[in-house]
Amino acid sequence: MEKPLFTDPAAARRMTDFTNAHNGIIPFYNCLFGITLVFLLRICHTLRMDIFEKLSILGAAAKYDVACTSSGTEQNSCETGGMGSKVPCGICHTFAADGRCVSLLKVLLTNVCVYDCKYCFNRKSNDIKRTMFLPEELADLTIQFYKRNYIEGLFLSSGVIKNPDYTCELMIKTLSILRHTHRFNGYIHAKAIPGADGKLLRQLGLLADRMSVNIEMPSQNSLQLLAPDKSKNSIFAPMNFIKENISENTKELTVYKKVQKFVPAGQSTQMIIGATPETDNHILKLTENLYKKYKLKRVFFSAYTPVLSDKLLPSVDFKPPLLREHRLYQADWLMRYYNFSADEILDEKTPNFNPFIDPKCNWAVNHPEFFPVEVNKASKDELLRVPGIGVRSALKIIAARRYSALDFDALKKLGVVLKRAKYFIVCRGKQFDGLIILKDQILQALMSKQELTMYKDSFSPSQLELFRENLQTAGLPLPGLPLRT
Amino acid sequence: MKNFTKQNIIYGYDGTFDGFLCCAFESFSRREIPSAIISEKDSQPGLFGQFNIETDFGKSERVKRSVNEKINPDALIFLRDSLCTNLPDKELVMLEFMRLGYKTGSKIMTMLSDNIVNALNKAVRFLYNESHHYKGFIRFSEVDGLFVSSIKPKNFVLPYTAPHFAQRMPEEKFIIIDETNKAACVYEKWKLSLFDAKDITMPKTDEKETFYRNLWKTFHETIAIKERFNPKCQNTHLPKRYRDRMTEFL
Ligand code: SF4
């Protein structure tokens with residue numbers, strides 16, 4: 001391992017120059033490490049690591065990145081020639097054993113990294129096998145998978161090899177082979193590398209459909225603690241840069257038709273949940289802000305899965321807080337499609353989600369003054385506030401009631417699920433037949449099977465009694481129970 | 001106007017949409033409701049009491065025009081789609097839909113709480129859903145520059161799925177074989193055509209094909225996060241019936 005230090009003095013010098021230039025004074029062992037990485041990479045190339053192995057390493061390294069939608073743009077190759085189309089609603093090509101939709105070939109270009117983010121498996125201080133795709137190799141793999149209809153496109157992220165600019169250039173090379181040599185028009189999502197030069201980011205953006213910069217941690221403190229090489233600025237600066245370029249581009253597009261589109265599907269971001277102490281309320285507010293201020297298309301949440309032990313992180317047998325992640329997505333959904341604001345969902349008094357009922361039901365039981373809603377008269381927004389009525393049901397109701405006034409039977413035929421909704425609606429002034437309104441019963445009806453078992457399991461019978469009594473007297477909101485899954 | 005009467009008669013037709021419209025033409029001009037309408041594909045020849053209706057484009061055009069004008073253009077598309085569903089006795093239900101449609105006019109499309117409209121609507125939704133699924137779940141194999149795939153859908157999804165692939169790879173040649181409906185869709189040089197197809201055997205795969213299949217399997221295995229293992233969720237999103245033709249599950 002020591003040898004390469006002396007065989008390629010030029011590389012060693014470049015590496016030292018770079019690290020000094022970028023990070024100021026760096027302990028000597030860091031440089032050693034960087035050089036070892038370069039060396040390892042050489043080995044990979046000379047030994048021509050089997051592509052199967054590369055794919056498993058670089059696929060596994062990227063799998064925690066959740067953004068895998070391919071939606072947002074529409075295009076096909078009939079006018080342009082070449083290959084590939086984009087469908088606005090997105091297509092899942094398969095589902096992994098964890099139940100997640102797979103629509104893109106999601107890989108890292110390389111898992112070599114000069115940074116040392118504590119939560120990341122690829123951090124430089126972790127002793128793992130390193131490898132890298134050659135741009136041509138990855139482009140070819142994408143095309144072959146695409147033609148066989150395995151994927152909708154490519155999701156390309158990368159560890160930082162040498163420096164952000166160099167990494168970005170390699171990514172640009174890969175994408176331009178795809179776009180120009182293979183004339184590929186399918187979906188490409190590229191991760192912007194924090195700290196890369198604006199010009200390079202712009203080039204990358206012109207080749208990709210969507211770009212994202214991971215905000216990583218829900219607060220500046222946590223970021224500093226766990227990702228010492230990244231600063232808030234290195235994340236928000238590219239985010240802002242992308243936003244500016246998109247709006248600039250939209251202006252250009254209205255003037256000249258032939259302008260190349262800059263990330264036509266917008267940008268998204270991702271943050272890790274559960275590795276740090278932020279409250280749900282904090283995260284939700286941040287999310288709302290990201291949508292408003294940076295015009296993001298999506299914010300993704302990723303329940304922290306321990307990959308390494310570190311005194312700053314939860315222990316290795318920490319279970320990923322999947323329920324919490326699920327609640328965040330539900331709340332995110334409410335903000336994006338149901339006109340809820342972050343303040344309506346959580347506040348300082350109840351800073352965390354109720355583990356037993358979803359945020360929409362939670363809002364409903366806390367706002368009895370809003371209900372019942374008359375199905376035959378309510379506006380779309382009002383209908384959408386009813387637990388159990390989603391966008392599709394609301395539209396169906398609005399379409400069907402034009403033809404005749406609806407009763408509960410008619411709602412059933414429309415496919416509206418009444419299990420939850422029946423407590424909150426009336427049809428032509430009438431309540432659901434035989435409806436007994438006991439708070440405890442409503443509460444149970446609002447829970448899914450899973451939530452119900454959890455709810456029952458979490459108390460001994462006598463506690464449960466007590467809990468029920470409390471609920472009856474104190475109104476419905478459940479006390480802020482600790483969020484453990 | 002004379003009321004419709006139920007007749008003990010079976011209509012036979014060629015299985016096409018125009019053919020169906022001719023059945024409708026017959027049913028409306030005779031003011032009768034047949035006991036069954038059977039497409040050529042499913043009928044046994046010489047079935048007693050079967051009345052074969054020839055497809056006459058003049059007649060089907062007239063029916064199209066009248067549906068367009070007296071009901072609404074969406075209803076025509078809705079009927080066309082209904083014919084591709086797997087609803088039992090769909091032709092009879094479609095006739096009933098038309099009779100109702102002529103009474104109510106264009107608002108029939110919003111009468112989702114009506115039983116007939118509802119049944120057809122559900123079947124059509126299922127067709128759309130399945131077609132959408134297949135856009136993702138179809139797997140092609142490359143054989144000498146030709147991309148081959150076979151499917152076993154519940155509905156007749158080819159007309160809804162194949163155009164997607166024509167847009168996706170306009171410069172390639174491909175064929176999708178539908179085993180359920182004994183049909184195949186062939187695409188070459190900006191032309192998509194539908195054929196009857198029986199007993200097509202899938203060609204053998206070569207080394208290159210196996211190589212990419214294995215790569216895909218490798219990828220599919222690596223991306224699952226074991227802490228989140230959730231086969232139930234996987235099964236709801238990707239019903240098992242699709243899997244026997246999906247590379248990663250073979
Ligand atoms: S920069 Fe990215 S790849 Fe490198 S250690 Fe940090 S999170 Fe991991």
# chains A, B, ... in the order shown; residues from 1 in each chain; ligands from 1

call {"tool": "residues_around", "arguments": {"residues": "Gly266 in chain A", "least_positions_apart": "2", "cutoff": "8 Å", "atoms": "only C-alpha atoms", "output": "list of chain:residue names"}}
result
A:Gly72, A:Asp209, A:Arg210, A:Met211, A:Ile246, A:Val263, A:Pro264, A:Ser268, A:Leu296, A:Lys297

call {"tool": "interface_residues", "arguments": {"of": "chain B", "to": "chain A", "cutoff": "8 Å", "atoms": "only C-alpha atoms", "output": "VMD selection string"}}
result
chain B and resid 107 110 to 113 118 132 to 133 135 to 142 147 167 to 171 212 215 to 216 218 to 235 237 to 238

call {"tool": "residues_around", "arguments": {"residues": "Ile177 in chain B", "least_positions_apart": "3", "cutoff": "9 Å", "atoms": "only C-alpha atoms", "output": "PyMOL selection string"}}
result
chain B and resi 148-152+158+182-186+197+200

call {"tool": "residues_near_ligand", "arguments": {"ligand": "ligand 1", "cutoff": "6 Å", "atoms": "only C-alpha atoms and all ligand atoms", "output": "list in words"}}
result
Cys113, Tyr115, Asp116, Cys117, Cys120, Asn122, Arg123, Gly159 and Val160 of chain A

call {"tool": "atom_distance", "arguments": {"atom1": "CA of Val63 in chain B", "atom2": "CA of Cys84 in chain B"}}
result
18.6 Å

call {"tool": "residues_around", "arguments": {"residues": "Val416 in chain A", "least_positions_apart": "5", "cutoff": "8 Å", "atoms": "only C-alpha atoms", "output": "list in words"}}
result
Gly388, Ile389, Ser393 and Leu411 of chain A

call {"tool": "write_last_selection", "arguments": {"atoms": "all heavy atoms", "output": "PDB file, in the first residue's frame"}}
result
ATOM      1  N   GLY A 388     -59.833   9.716   4.386  1.00  0.00           N
ATOM      2  CA  GLY A 388     -60.340   8.654   3.517  1.00  0.00           C
ATOM      3  C   GLY A 388     -60.755   9.149   2.149  1.00  0.00           C
ATOM      4  O   GLY A 388     -61.001   8.354   1.252  1.00  0.00           O
ATOM      5  N   ILE A 389     -60.860  10.448   1.954  1.00  0.00           N
ATOM      6  CA  ILE A 389     -61.172  10.954   0.612  1.00  0.00           C
ATOM      7  C   ILE A 389     -59.912  11.553   0.009  1.00  0.00           C
ATOM      8  O   ILE A 389     -59.357  12.519   0.521  1.00  0.00           O
ATOM      9  CB  ILE A 389     -62.311  11.989   0.641  1.00  0.00           C
ATOM     10  CG1 ILE A 389     -63.604  11.304   1.105  1.00  0.00           C
ATOM     11  CG2 ILE A 389     -62.509  12.612  -0.744  1.00  0.00           C
ATOM     12  CD1 ILE A 389     -64.826  12.176   1.057  1.00  0.00           C
ATOM     13  N   SER A 393     -61.026  10.362  -5.383  1.00  0.00           N
ATOM     14  CA  SER A 393     -62.392  10.247  -4.882  1.00  0.00           C
ATOM     15  C   SER A 393     -63.098  11.601  -4.945  1.00  0.00           C
ATOM     16  O   SER A 393     -64.259  11.684  -5.323  1.00  0.00           O
ATOM     17  CB  SER A 393     -62.400   9.760  -3.434  1.00  0.00           C
ATOM     18  OG  SER A 393     -61.869   8.477  -3.347  1.00  0.00           O
ATOM     19  N   LEU A 411     -71.898   6.557  -2.982  1.00  0.00           N
ATOM     20  CA  LEU A 411     -70.472   6.762  -2.702  1.00  0.00           C
ATOM     21  C   LEU A 411     -69.720   5.447  -2.778  1.00  0.00           C
ATOM     22  O   LEU A 411     -68.634   5.357  -3.339  1.00  0.00           O
ATOM     23  CB  LEU A 411     -70.285   7.369  -1.313  1.00  0.00           C
ATOM     24  CG  LEU A 411     -70.666   8.832  -1.147  1.00  0.00           C
ATOM     25  CD1 LEU A 411     -70.382   9.271   0.278  1.00  0.00           C
ATOM     26  CD2 LEU A 411     -69.890   9.708  -2.117  1.00  0.00           C
TER      27      LEU A 411
END

call {"tool": "residues_around", "arguments": {"residues": "range 370-377 of chain A", "least_positions_apart": "3", "cutoff": "6 Å", "atoms": "only C-alpha atoms", "output": "list in words"}}
result
His367, Phe424, Ile425, Val426 and Cys427 of chain A

call {"tool": "write_last_selection", "arguments": {"atoms": "N, CA, C and O atoms", "output": "PDB file, in the first residue's frame"}}
result
ATOM      1  N   HIS A 367     -59.955  19.149  14.594  1.00  0.00           N
ATOM      2  CA  HIS A 367     -60.766  20.258  14.081  1.00  0.00           C
ATOM      3  C   HIS A 367     -62.218  19.855  13.905  1.00  0.00           C
ATOM      4  O   HIS A 367     -62.741  19.886  12.796  1.00  0.00           O
ATOM      5  N   PHE A 424     -67.086  11.654   9.134  1.00  0.00           N
ATOM      6  CA  PHE A 424     -66.847  13.076   8.892  1.00  0.00           C
ATOM      7  C   PHE A 424     -67.755  13.689   7.835  1.00  0.00           C
ATOM      8  O   PHE A 424     -67.629  14.844   7.519  1.00  0.00           O
ATOM      9  N   ILE A 425     -68.642  12.866   7.259  1.00  0.00           N
ATOM     10  CA  ILE A 425     -69.474  13.410   6.191  1.00  0.00           C
ATOM     11  C   ILE A 425     -70.952  13.170   6.446  1.00  0.00           C
ATOM     12  O   ILE A 425     -71.330  12.300   7.224  1.00  0.00           O
ATOM     13  N   VAL A 426     -71.774  13.973   5.772  1.00  0.00           N
ATOM     14  CA  VAL A 426     -73.198  13.688   5.695  1.00  0.00           C
ATOM     15  C   VAL A 426     -73.592  13.719   4.227  1.00  0.00           C
ATOM     16  O   VAL A 426     -72.970  14.406   3.416  1.00  0.00           O
ATOM     17  N   CYS A 427     -74.593  12.922   3.868  1.00  0.00           N
ATOM     18  CA  CYS A 427     -75.121  12.942   2.510  1.00  0.00           C
ATOM     19  C   CYS A 427     -76.539  13.474   2.571  1.00  0.00           C
ATOM     20  O   CYS A 427     -77.387  12.881   3.238  1.00  0.00           O
TER      21      CYS A 427
END

call {"tool": "select_by_dssp", "arguments": {"residues": "range 111-165 of chain A", "states": "alpha helix (DSSP H)", "output": "ChimeraX atom specification"}}
result
/A:135-147,164-165

call {"tool": "write_last_selection", "arguments": {"atoms": "N, CA, C and O atoms", "output": "mmCIF file, in the first residue's frame"}}
result
data_model
loop_
_atom_site.group_PDB
_atom_site.id
_atom_site.type_symbol
_atom_site.label_atom_id
_atom_site.label_comp_id
_atom_site.auth_asym_id
_atom_site.auth_seq_id
_atom_site.Cartn_x
_atom_site.Cartn_y
_atom_site.Cartn_z
ATOM 1 N N PRO A 135 -16.713 6.016 -18.111
ATOM 2 C CA PRO A 135 -17.898 6.659 -18.703
ATOM 3 C C PRO A 135 -18.521 5.839 -19.837
ATOM 4 O O PRO A 135 -19.736 5.677 -19.876
ATOM 5 N N GLU A 136 -17.684 5.303 -20.728
ATOM 6 C CA GLU A 136 -18.225 4.523 -21.860
ATOM 7 C C GLU A 136 -18.957 3.294 -21.354
ATOM 8 O O GLU A 136 -20.014 2.931 -21.870
ATOM 9 N N GLU A 137 -18.361 2.667 -20.355
ATOM 10 C CA GLU A 137 -18.905 1.435 -19.823
ATOM 11 C C GLU A 137 -20.308 1.657 -19.245
ATOM 12 O O GLU A 137 -21.252 0.917 -19.526
ATOM 13 N N LEU A 138 -20.438 2.725 -18.480
ATOM 14 C CA LEU A 138 -21.715 3.000 -17.845
ATOM 15 C C LEU A 138 -22.762 3.402 -18.883
ATOM 16 O O LEU A 138 -23.921 2.992 -18.807
ATOM 17 N N ALA A 139 -22.322 4.179 -19.869
ATOM 18 C CA ALA A 139 -23.259 4.594 -20.914
ATOM 19 C C ALA A 139 -23.781 3.370 -21.657
ATOM 20 O O ALA A 139 -24.986 3.242 -21.905
ATOM 21 N N ASP A 140 -22.902 2.457 -21.954
ATOM 22 C CA ASP A 140 -23.309 1.248 -22.665
ATOM 23 C C ASP A 140 -24.284 0.416 -21.829
ATOM 24 O O ASP A 140 -25.304 -0.055 -22.320
ATOM 25 N N LEU A 141 -23.977 0.278 -20.565
ATOM 26 C CA LEU A 141 -24.834 -0.495 -19.672
ATOM 27 C C LEU A 141 -26.242 0.118 -19.635
ATOM 28 O O LEU A 141 -27.252 -0.588 -19.717
ATOM 29 N N THR A 142 -26.297 1.427 -19.533
ATOM 30 C CA THR A 142 -27.585 2.110 -19.502
ATOM 31 C C THR A 142 -28.394 1.803 -20.752
ATOM 32 O O THR A 142 -29.566 1.460 -20.683
ATOM 33 N N ILE A 143 -27.737 1.933 -21.901
ATOM 34 C CA ILE A 143 -28.438 1.703 -23.162
ATOM 35 C C ILE A 143 -28.939 0.271 -23.263
ATOM 36 O O ILE A 143 -30.081 0.015 -23.629
ATOM 37 N N GLN A 144 -28.098 -0.683 -22.906
ATOM 38 C CA GLN A 144 -28.497 -2.084 -22.997
ATOM 39 C C GLN A 144 -29.675 -2.391 -22.070
ATOM 40 O O GLN A 144 -30.598 -3.097 -22.442
ATOM 41 N N PHE A 145 -29.634 -1.848 -20.875
ATOM 42 C CA PHE A 145 -30.743 -2.048 -19.942
ATOM 43 C C PHE A 145 -32.001 -1.366 -20.462
ATOM 44 O O PHE A 145 -33.097 -1.888 -20.361
ATOM 45 N N TYR A 146 -31.797 -0.205 -21.019
ATOM 46 C CA TYR A 146 -32.942 0.566 -21.498
ATOM 47 C C TYR A 146 -33.671 -0.153 -22.619
ATOM 48 O O TYR A 146 -34.887 -0.264 -22.628
ATOM 49 N N LYS A 147 -32.900 -0.681 -23.555
ATOM 50 C CA LYS A 147 -33.509 -1.362 -24.695
ATOM 51 C C LYS A 147 -34.288 -2.593 -24.267
ATOM 52 O O LYS A 147 -35.251 -2.979 -24.902
ATOM 53 N N PRO A 164 -14.189 18.065 -6.503
ATOM 54 C CA PRO A 164 -15.546 18.177 -7.054
ATOM 55 C C PRO A 164 -15.558 18.433 -8.562
ATOM 56 O O PRO A 164 -16.376 17.857 -9.277
ATOM 57 N N ASP A 165 -14.657 19.275 -9.042
ATOM 58 C CA ASP A 165 -14.670 19.595 -10.465
ATOM 59 C C ASP A 165 -14.359 18.371 -11.324
ATOM 60 O O ASP A 165 -15.031 18.104 -12.313
#

call {"tool": "residues_around", "arguments": {"residues": "Tyr102 in chain B", "least_positions_apart": "6", "cutoff": "12 Å", "atoms": "only C-alpha atoms", "output": "mmCIF file with N, CA and C atoms, in the first residue's frame"}}
result
data_model
loop_
_atom_site.group_PDB
_atom_site.id
_atom_site.type_symbol
_atom_site.label_atom_id
_atom_site.label_comp_id
_atom_site.auth_asym_id
_atom_site.auth_seq_id
_atom_site.Cartn_x
_atom_site.Cartn_y
_atom_site.Cartn_z
ATOM 1 N N PHE B 28 -80.223 -2.523 -32.698
ATOM 2 C CA PHE B 28 -81.076 -1.334 -32.624
ATOM 3 C C PHE B 28 -82.126 -1.328 -33.724
ATOM 4 N N VAL B 63 -73.085 4.123 -36.930
ATOM 5 C CA VAL B 63 -73.229 4.006 -35.478
ATOM 6 C C VAL B 63 -72.260 4.962 -34.780
ATOM 7 N N SER B 66 -73.584 8.409 -34.842
ATOM 8 C CA SER B 66 -74.716 8.678 -33.961
ATOM 9 C C SER B 66 -74.295 8.686 -32.484
ATOM 10 N N VAL B 67 -73.343 7.824 -32.123
ATOM 11 C CA VAL B 67 -72.864 7.867 -30.730
ATOM 12 C C VAL B 67 -72.201 9.216 -30.452
ATOM 13 N N ASN B 68 -71.377 9.644 -31.406
ATOM 14 C CA ASN B 68 -70.709 10.939 -31.278
ATOM 15 C C ASN B 68 -71.699 12.070 -31.068
ATOM 16 N N GLU B 69 -72.751 12.060 -31.865
ATOM 17 C CA GLU B 69 -73.674 13.187 -31.818
ATOM 18 C C GLU B 69 -74.681 13.068 -30.681
ATOM 19 N N LYS B 70 -75.231 11.861 -30.531
ATOM 20 C CA LYS B 70 -76.339 11.761 -29.571
ATOM 21 C C LYS B 70 -75.864 11.451 -28.155
ATOM 22 N N ILE B 71 -74.731 10.813 -28.025
ATOM 23 C CA ILE B 71 -74.225 10.611 -26.662
ATOM 24 C C ILE B 71 -73.062 11.571 -26.475
ATOM 25 N N ASN B 72 -71.836 11.134 -26.701
ATOM 26 C CA ASN B 72 -70.736 12.097 -26.845
ATOM 27 C C ASN B 72 -69.463 11.379 -27.285
ATOM 28 N N ALA B 75 -67.838 8.819 -25.130
ATOM 29 C CA ALA B 75 -68.544 7.550 -25.002
ATOM 30 C C ALA B 75 -68.062 6.565 -26.057
ATOM 31 N N LEU B 95 -73.931 -2.942 -25.079
ATOM 32 C CA LEU B 95 -75.200 -2.622 -25.732
ATOM 33 C C LEU B 95 -76.132 -1.921 -24.751
ATOM 34 N N GLU B 96 -76.145 -2.435 -23.522
ATOM 35 C CA GLU B 96 -77.010 -1.831 -22.524
ATOM 36 C C GLU B 96 -76.576 -0.390 -22.257
ATOM 37 N N ILE B 108 -74.232 10.635 -19.509
ATOM 38 C CA ILE B 108 -73.990 9.243 -19.097
ATOM 39 C C ILE B 108 -72.554 9.033 -18.613
ATOM 40 N N MET B 109 -71.623 9.796 -19.179
ATOM 41 C CA MET B 109 -70.228 9.603 -18.800
ATOM 42 C C MET B 109 -69.941 9.986 -17.350
#

call {"tool": "atom_distance", "arguments": {"atom1": "CA of Ile242 in chain A", "atom2": "CA of Gly198 in chain A"}}
result
9.4 Å

call {"tool": "residues_around", "arguments": {"residues": "Glu26 in chain B", "least_positions_apart": "5", "cutoff": "10 Å", "atoms": "only C-alpha atoms", "output": "ChimeraX atom specification"}}
result
/B:11,20-21,31-34,53,59

call {"tool": "write_last_selection", "arguments": {"atoms": "C-alpha atoms", "output": "CSV table (one decimal), in the first residue's frame"}}
result
chain,number,residue,atom,x,y,z
B,11,TYR,CA,-74.9,-12.8,-32.5
B,20,PHE,CA,-69.3,-4.9,-32.6
B,21,LEU,CA,-70.8,-1.7,-33.9
B,31,ARG,CA,-85.1,-3.5,-31.5
B,32,GLU,CA,-84.0,-6.8,-29.9
B,33,ILE,CA,-81.6,-7.8,-27.2
B,34,PRO,CA,-79.6,-10.9,-28.1
B,53,ILE,CA,-73.1,-10.5,-38.5
B,59,LYS,CA,-73.0,0.6,-40.9
